[in-house]
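A quick write-up on the structure given underneath.
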Amino acid sequence: MKLSEPNKRILNKLWKNKLTVVSAFYILLCIIISIFAYQIIPDKSKNANTQNIEIAIKKPGFKVDMLTIDSVIHIPLSEYNKSNDTLFYVSYDGDEGFTTSSNYKIQRKRYIFGTDKFGRDVFSRLILGTRVSLSIGIIAVILSLVIGVFLGAIAGYFRGKTDKFIMWLINVVWSIPSVLLVIAISFALGRGFWQVFVAVGLSLWVDVARLVRGQVISIKEQEYVDGAKTLGFSSTRIITKHILPNIVSPLLVISASNFASAILLEAGLSFLGIGVQPPMASWGTMIKESYAYLILGDAYLSLLPGIAIVLMVLAFMLLGNGLRDALDVK
C-alpha cells in the first residue's frame with residue numbers, strides 16, 4: 001500500500017521524535033504482554049491468586065521448592081524425601097506431612113519481584129495488572145468517543161436550542177471533579193469490572209464533546225459543506241461523510257490523553273476499594289494492599305505497581321504530544 005505525501009510527512013515527524021517512538025514501542029510491548037499474559041507469568045492460576053501465607057512478604061529473587069498435588073494444593077517446602085510410594089515433607093513453616101498421591105510434582109520456584117502479604121507472586125500480578133489497565137483504557141476511550149462525538153457533532157452542527165442544552169449539560173458535568181463523578185457513578189452502578197469501564201468512560205466524554213463541537217462549528221462554514229447542502233444531502237450524511245473525517249487528527253490526540261486519564265482513574269478507584277475487586281489483579285489494588293509496608297522496609301510492594309502506572313500514563317501522554325506535533329493540531 002502506497003502512502004500519500006502528507007502521510008509520509010506525518011510518519012517522518014513521528015519517527016524523528018524519539019520520545020514518541022519509545023512510547024509507542026512501550027505501549028505495543030504492554031499490549032503484547034497483556035494478550036499473552038498467562039503464557040508469560042509463573043503463576044497461571046486465575047488472577048494469579050495462588051496464596052501461600054507461609055512465604056508472605058519475601059524479597060525479590062526469593063526461591064523455594066513448591067509441592068503441587070493434583071494441580072490444586074500448593075505447599076512450599078523446606079525439605080522432603082521419598083520412601084517407596086510415599087513422599088514425606090516438611091513445609092516452609094515447619095509442619096510435617098506426607099502424601100501418597102501419584103499426581104504430584106515438585107518444582108523450584110523463583111519469585112522475581114517477591115511475594116505480597118498473601119504469599120502471591122508479585123510479578124505475575126503486575127503483568128495481569130497491565131491487562132486490566134489497558135482494557136479499562138480501551139473501553140473507556142471508546143465509550144467517551146461515542147458519547148462525545150455524538151453530542152458534540154449535534155451541538156456544533158444544529159446550534160440553537162440544541163446547542164444551548166448540550167452546552168448546559170457539558171458545563172454541569174465539567175463543573176464536577178472527575179474523581180467525584182466517577183465515584184458517584186460507581187456507587188450508582190455498583191462495584192465490579194464492567195462497572196468501572198462505564199464509570200470511567202462516562203467521566204471522559206466532556207472533553208471530546210467540547211473539542212468536536214468547536215471543530216464542527218469551524219468546518220461547517222467551509223464551501224464543500226455548503227455544496228453538500230445544495231446537493232440535498234442529509235444532515236447525517238454531511239456530518240458523518242464530510243465533517244467527522246476531517247477532525248480525526250485532534251480526536252487521536254485527545255484519545256491518547258483520555259487513555260492516560262482512564263488508567264489513573266481506574267487506579268484511584270481500585271485504591272479506594274470501589275474499582276476492580278479482589279482477587280482480580282489491578283495496580284491500584286496492589287498499592288492499596290501494600291501501602292502500609294512503605295515504612296516497614298518493603299516499600300517495593302507499593303513502588304512497583306506505582307512505577308507501572310507512571311510509565312503507562314507517561315507513555316500515552318508522550319504519544320499524544322507526539323501525535324499533536326506530527327498532525328499539526330491547533
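Order determines the names: the first chain of the C-alpha cells is A, the second B, and so forth; residues in each chain are numbered 1 upward, and ligands are numbered 1 upward as they are shown.
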Can you list, as a count of residues only, every residue of range 34-98 of chain A that DSSP puts in alpha helix (DSSP H)?
6
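Excluding range 43-56 of chain A itself and same-chain residues fewer than 6 positions from it, the residues having an atom within 6 Å of it are Asp93, Thr115, Asp116, Lys117, Phe118, Gly119, Arg120, Arg125, Met280 and Ala281 of chain A, counting only C-alpha atoms.
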Next, dump the selected residues to file, keeping only C-alpha atoms, as a PDB file, in the first residue's frame.
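Listing of selection_11.pdb after writing:
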ATOM      1  CA  ASP A  93       6.643 -23.063  58.232  1.00  0.00           C
ATOM      2  CA  THR A 115       5.619 -12.134  47.300  1.00  0.00           C
ATOM      3  CA  ASP A 116       2.873  -9.954  48.765  1.00  0.00           C
ATOM      4  CA  LYS A 117       1.217 -10.256  52.179  1.00  0.00           C
ATOM      5  CA  PHE A 118      -0.857 -13.194  50.939  1.00  0.00           C
ATOM      6  CA  GLY A 119       2.159 -15.052  49.550  1.00  0.00           C
ATOM      7  CA  ARG A 120       1.173 -14.378  45.935  1.00  0.00           C
ATOM      8  CA  ARG A 125       0.012  -9.874  39.353  1.00  0.00           C
ATOM      9  CA  MET A 280      -8.573  -9.580  40.233  1.00  0.00           C
ATOM     10  CA  ALA A 281      -5.103  -8.088  39.808  1.00  0.00           C
TER      11      ALA A 281
END
For the contact check between range 274-317 of chain A and range 136-142 of chain A, emit one row per residue of range 274-317 of chain A within 12 Å, containing the shortest atom pair and the distance in Å rounded to one decimal, counting only C-alpha atoms, chain then rising number order, as a tab-separated table.
residue	atom	partner	partner_atom	distance
A:Gly275	CA	A:Ile136	CA	10.7
A:Val276	CA	A:Ile136	CA	9.9
A:Ser282	CA	A:Ile136	CA	10.7
A:Met312	CA	A:Gly137	CA	10.7
A:Val313	CA	A:Gly137	CA	10.5
A:Phe316	CA	A:Gly137	CA	10.5
Selection near range 173-180 of chain A, 10 Å with only C-alpha atoms, sequence-local residues under 6 positions removed, as a count of residues only:
15
Find the residues near Lys241 in chain A: any atom within 12 Å, counting only C-alpha atoms, skip ones fewer than 5 places away on the same chain, and give them as a PyMOL selection string.
chain A and resi 224-225+228+233-236+246-247
Could you write out, as a VMD selection string, all the residues of range 24-170 of chain A that DSSP marks as strand (DSSP E)?
chain A and resid 62 to 69 73 to 83 86 to 91 96 to 99 104 to 111
Save the residues we just selected, N, CA and C atoms, as a compact mmCIF listing (two decimals), in the first residue's frame?
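Result file selection14.txt:
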# COMPACT_ATOMS: atom_id res chain seq x y z
N PHE A 62 13.39 -14.39 45.69
CA PHE A 62 13.20 -15.49 46.63
C PHE A 62 12.93 -16.81 45.89
N LYS A 63 13.57 -17.89 46.36
CA LYS A 63 13.38 -19.21 45.74
C LYS A 63 12.90 -20.21 46.78
N VAL A 64 12.06 -21.15 46.35
CA VAL A 64 11.56 -22.18 47.25
C VAL A 64 11.11 -23.39 46.42
N ASP A 65 11.21 -24.58 47.02
CA ASP A 65 10.67 -25.78 46.39
C ASP A 65 9.16 -25.81 46.64
N MET A 66 8.39 -25.94 45.58
CA MET A 66 6.93 -25.92 45.70
C MET A 66 6.36 -27.28 45.33
N LEU A 67 5.63 -27.88 46.29
CA LEU A 67 4.94 -29.15 46.06
C LEU A 67 3.53 -28.87 45.57
N THR A 68 3.19 -29.42 44.41
CA THR A 68 1.84 -29.27 43.86
C THR A 68 1.19 -30.64 43.79
N ILE A 69 0.02 -30.76 44.44
CA ILE A 69 -0.70 -32.03 44.49
C ILE A 69 -2.02 -31.87 43.75
N ILE A 73 -3.44 -28.22 45.26
CA ILE A 73 -2.77 -27.91 46.53
C ILE A 73 -1.33 -27.50 46.26
N HIS A 74 -0.92 -26.35 46.82
CA HIS A 74 0.43 -25.84 46.63
C HIS A 74 1.06 -25.65 48.01
N ILE A 75 2.15 -26.37 48.26
CA ILE A 75 2.79 -26.33 49.57
C ILE A 75 4.27 -25.99 49.40
N PRO A 76 4.73 -24.85 49.94
CA PRO A 76 6.16 -24.54 49.90
C PRO A 76 6.92 -25.43 50.90
N LEU A 77 8.03 -25.98 50.47
CA LEU A 77 8.76 -26.96 51.28
C LEU A 77 10.11 -26.42 51.74
N SER A 78 10.51 -26.88 52.93
CA SER A 78 11.87 -26.61 53.40
C SER A 78 12.76 -27.84 53.17
N GLU A 79 12.13 -29.05 53.23
CA GLU A 79 12.85 -30.28 52.90
C GLU A 79 11.84 -31.39 52.60
N TYR A 80 12.32 -32.43 51.91
CA TYR A 80 11.43 -33.54 51.56
C TYR A 80 12.27 -34.76 51.20
N ASN A 81 11.65 -35.95 51.29
CA ASN A 81 12.29 -37.19 50.82
C ASN A 81 11.20 -38.20 50.47
N LYS A 82 11.53 -39.09 49.57
CA LYS A 82 10.57 -40.07 49.09
C LYS A 82 10.95 -41.46 49.58
N SER A 83 9.96 -42.18 50.11
CA SER A 83 10.16 -43.55 50.56
C SER A 83 9.07 -44.42 49.95
N THR A 86 5.51 -43.09 49.01
CA THR A 86 5.09 -42.01 49.89
C THR A 86 6.12 -40.89 49.90
N LEU A 87 5.64 -39.67 49.80
CA LEU A 87 6.51 -38.50 49.87
C LEU A 87 6.35 -37.85 51.24
N PHE A 88 7.45 -37.81 52.00
CA PHE A 88 7.45 -37.14 53.29
C PHE A 88 8.08 -35.75 53.11
N TYR A 89 7.47 -34.77 53.75
CA TYR A 89 7.98 -33.41 53.56
C TYR A 89 7.81 -32.58 54.83
N VAL A 90 8.58 -31.52 54.89
CA VAL A 90 8.44 -30.50 55.94
C VAL A 90 8.14 -29.20 55.23
N SER A 91 6.98 -28.60 55.53
CA SER A 91 6.59 -27.36 54.86
C SER A 91 7.48 -26.20 55.30
N GLU A 96 5.10 -30.92 59.45
CA GLU A 96 5.46 -32.15 58.74
C GLU A 96 4.21 -32.75 58.10
N GLY A 97 4.42 -33.44 56.99
CA GLY A 97 3.30 -34.06 56.32
C GLY A 97 3.78 -35.10 55.33
N PHE A 98 2.81 -35.76 54.68
CA PHE A 98 3.17 -36.75 53.66
C PHE A 98 2.01 -36.86 52.67
N THR A 99 2.30 -37.43 51.53
CA THR A 99 1.27 -37.68 50.53
C THR A 99 1.56 -38.99 49.81
N TYR A 104 1.61 -35.73 41.81
CA TYR A 104 2.25 -34.57 42.43
C TYR A 104 3.55 -34.27 41.68
N LYS A 105 4.00 -33.02 41.87
CA LYS A 105 5.29 -32.63 41.31
C LYS A 105 5.92 -31.56 42.20
N ILE A 106 7.24 -31.55 42.20
CA ILE A 106 7.99 -30.57 42.99
C ILE A 106 8.81 -29.71 42.02
N GLN A 107 8.62 -28.43 42.11
CA GLN A 107 9.33 -27.50 41.26
C GLN A 107 10.06 -26.45 42.09
N ARG A 108 11.19 -26.03 41.57
CA ARG A 108 11.91 -24.93 42.20
C ARG A 108 11.35 -23.62 41.66
N LYS A 109 10.65 -22.88 42.49
CA LYS A 109 10.02 -21.65 42.05
C LYS A 109 10.83 -20.44 42.47
N ARG A 110 10.90 -19.50 41.55
CA ARG A 110 11.60 -18.24 41.84
C ARG A 110 10.61 -17.09 41.71
N TYR A 111 10.56 -16.24 42.71
CA TYR A 111 9.67 -15.09 42.71
C TYR A 111 10.50 -13.85 42.36
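Taking CA of Phe113 in chain A and CA of Gly297 in chain A as endpoints, the distance between them is 14.6 Å.
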List the neighbours of Lys164 in chain A out to 12 Å using only C-alpha atoms; skip same-chain residues closer than 6 positions along the sequence, and give me the result as a count of residues only.
9
Interatomic distance between CA of Ala262 in chain A and CA of Ala188 in chain A?
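Atom-to-atom, CA of Ala262 in chain A and CA of Ala188 in chain A are spaced 18.6 Å apart.
Of the listed residues A:Leu303, A:Ser218, A:Phe193, A:Asn258, the one whose atoms come nearest to Pro279 in chain A is A:Phe193, with distances taken using only C-alpha atoms.
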So which residues touch Ile112 in chain A within 8 Å, counting only C-alpha atoms, skipping near sequence neighbours fewer than 3 positions away, as a list in words?
Pro60, Gly61, Phe62, Val122 and Phe123 of chain A
Within 7 Å of range 254-256 of chain A, counting only C-alpha atoms, which residues qualify if same-chain residues fewer than 4 places away don't, as a ChimeraX atom specification?
/A:141,250,260,316-317,319-320
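Pairwise distance (CA of Gly129 in chain A, CA of Trp283 in chain A) equals 5.5 Å.
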Which is closer to Gly273 in chain A than all the others in A:Val196, A:Val216, A:Leu231, A:Leu323, using only C-alpha atoms?
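Under the stated criterion, the closest residue is A:Val196.
Restricting the calculation to only C-alpha atoms, the smallest distance between Ala37 in chain A and any of A:Ala267, A:Val146, A:Met286, A:Leu128 is found for A:Leu128.
Closest to Asp70 in chain A among A:Asp325, A:Phe187, A:Lys161, A:Asn103 is A:Asn103, based on only C-alpha atoms.
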